[in-house]
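Working notes, structure below.
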Amino acid sequence: MPSHKYAINAVMLGDTSSLPWTNLGLWQVGIDYPQACQNLAITLANALVLNSNDYVLDLGCGWGASLNLWQQKYNVSHIDAVELQAECFQHLSRHKALKQINKYQGSFLNLKSLDLNSNYDAIMCIDALYHHALPHFLASIEPFTHGRTRLGFHYLVFTSRWASLSFLQKKKYRYLLGLADVKLDYIYSCHQLECVLKQFSWQHTDIQILTEPVLGGFSSYITAREKEFNHIHGLDGIKIKLTAKLCHLLFKEGILDYVQVVSYKSTESS
């Protein structure tokens, strides 16, 4: 059995490194899984204008690939990391490359329970937040922001096609998304998402649609990998295959978009 409901088998996905990635990836022609995952992280970091002077909070950091990226590519020396899964946290704690990073085990929906050090210049949550209610998350990070904090995360939003679906069609998607631990009640339109952010004094929100290179790219990769190899098997494999099928369906039907969200804390709240 997977050790946690969010546990993902990185080896089956194609990353055998000591600090593996486990996100959906941002896909381009001719790249492998680790490169696609790194693309997703780099695209978010660049949109946040991440720099070496930032005090960074990485939420839901998994096996630590993103933490190493901030150190190696962006020369960030002040990083705090929060991870819920005990197995991942123990791995982070043991890895020599991450010894300078402050690591905390717990939920990013309850940051007050952790002994975090400071307010942060950049807060990031890569490919994880759409499992949770955005207002709950924003309330959790609020005590750890200042007037110039930048926030970046990935989310799912309704497209204009959603309103045209019948009751039964919406019920079907509620069920399918529920299997992936995504609740329809947590999903907004782009306009609604901006309004929720404004309620917590986040301004100048930029929403970038990444549906095709993320959902379409991941589903195509898993389909090809499944045909070429026999590495996707067992319960971990079923989870990966079902995720890929859902990604394909959402991309094909065009009712939800996968988006990158970057927002800035209003100076009035400092």
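Chains: A, B, ... in order of the structure tokens. Residues: from 1 per chain. Ligands: from 1, in order shown.
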Quick one: which region 148-234 of chain A residues come within 9 Å of region 127-139 of chain A, and what is the nearest atom pair for each with the distance in Å to one decimal, counting only C-alpha atoms, rows ordered by chain and ascending number, as CSV?
```
residue,atom,partner,partner_atom,distance
A:Phe153,CA,A:Leu129,CA,7.0
A:His154,CA,A:Asp127,CA,5.2
A:Tyr155,CA,A:Tyr130,CA,4.9
A:Leu156,CA,A:Tyr130,CA,6.1
A:Ala180,CA,A:His131,CA,8.3
A:Asp181,CA,A:His131,CA,5.9
A:Val182,CA,A:His131,CA,4.9
A:Lys183,CA,A:His131,CA,7.1
A:Asp185,CA,A:Ala133,CA,8.0
A:Tyr186,CA,A:Ala133,CA,5.0
A:Ile187,CA,A:Tyr130,CA,7.7
A:Leu193,CA,A:Leu134,CA,8.5
A:Val196,CA,A:Pro135,CA,6.9
A:Leu197,CA,A:Leu138,CA,7.8
A:Gln199,CA,A:Pro135,CA,8.9
A:Phe200,CA,A:Leu138,CA,6.9
```
Give me, as a short mmCIF file (atom, residue, chain, number, x, y, z; two decimals) with N, CA and C atoms, in the first residue's frame, all polymer residues having an atom no more than 8 Å from Gly217 (chain A), counting only C-alpha atoms and skipping those fewer than 4 positions away in the same chain.
```
data_model
loop_
_atom_site.label_atom_id
_atom_site.label_comp_id
_atom_site.auth_asym_id
_atom_site.auth_seq_id
_atom_site.Cartn_x
_atom_site.Cartn_y
_atom_site.Cartn_z
N GLY A 25 4.52 18.04 -14.03
CA GLY A 25 5.45 18.47 -15.05
C GLY A 25 4.88 19.49 -16.02
N LEU A 26 5.78 20.26 -16.61
CA LEU A 26 5.45 21.21 -17.67
C LEU A 26 6.21 20.72 -18.90
N TRP A 27 5.46 20.13 -19.85
CA TRP A 27 6.07 19.29 -20.88
C TRP A 27 6.37 20.05 -22.17
N GLN A 28 7.52 19.69 -22.74
CA GLN A 28 7.93 20.12 -24.07
C GLN A 28 8.42 18.89 -24.83
N GLU A 212 -2.58 22.60 -21.36
CA GLU A 212 -2.06 21.69 -22.39
C GLU A 212 -0.69 21.12 -22.03
N PRO A 213 0.31 21.96 -21.66
CA PRO A 213 1.62 21.40 -21.35
C PRO A 213 1.69 20.63 -20.04
N TYR A 221 2.65 11.49 -21.66
CA TYR A 221 3.88 10.85 -21.19
C TYR A 221 3.59 9.49 -20.56
#
```
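All residues of region 46-103 of chain A that DSSP, run on the backbone, classes as helix (DSSP H, G or I) are Asn46, Ala47, Ala65, Ser66, Leu67, Asn68, Leu69, Trp70, Gln71, Gln72, Lys73, Tyr74, Ala86, Glu87, Cys88, Phe89, Gln90, His91, Leu92, Ser93, Arg94, Lys96, Ala97 and Leu98 of chain A.
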Per residue of region 132-210 of chain A within 8 Å of region 44-59 of chain A, record the nearest atom pair and its distance in Å to one decimal, counting only C-alpha atoms, with rows in chain order and ascending residue number, as CSV.
```
residue,atom,partner,partner_atom,distance
A:Arg150,CA,A:Leu48,CA,6.5
A:Leu151,CA,A:Leu48,CA,7.4
A:Gly152,CA,A:Leu44,CA,6.6
A:Phe153,CA,A:Leu44,CA,7.5
```
**DSSP-assigned strand (DSSP E or B) among region 5-206 of chain A, expressed as a PyMOL selection string** = chain A and resi 55-59+78-83+102-105+122-125+150-158+188+202-206
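For the choices A:Ser220, A:Asn39, A:Gln100, A:Thr22, the atom-to-atom distance to Gly60 (chain A) is smallest for A:Thr22 when using only C-alpha atoms.
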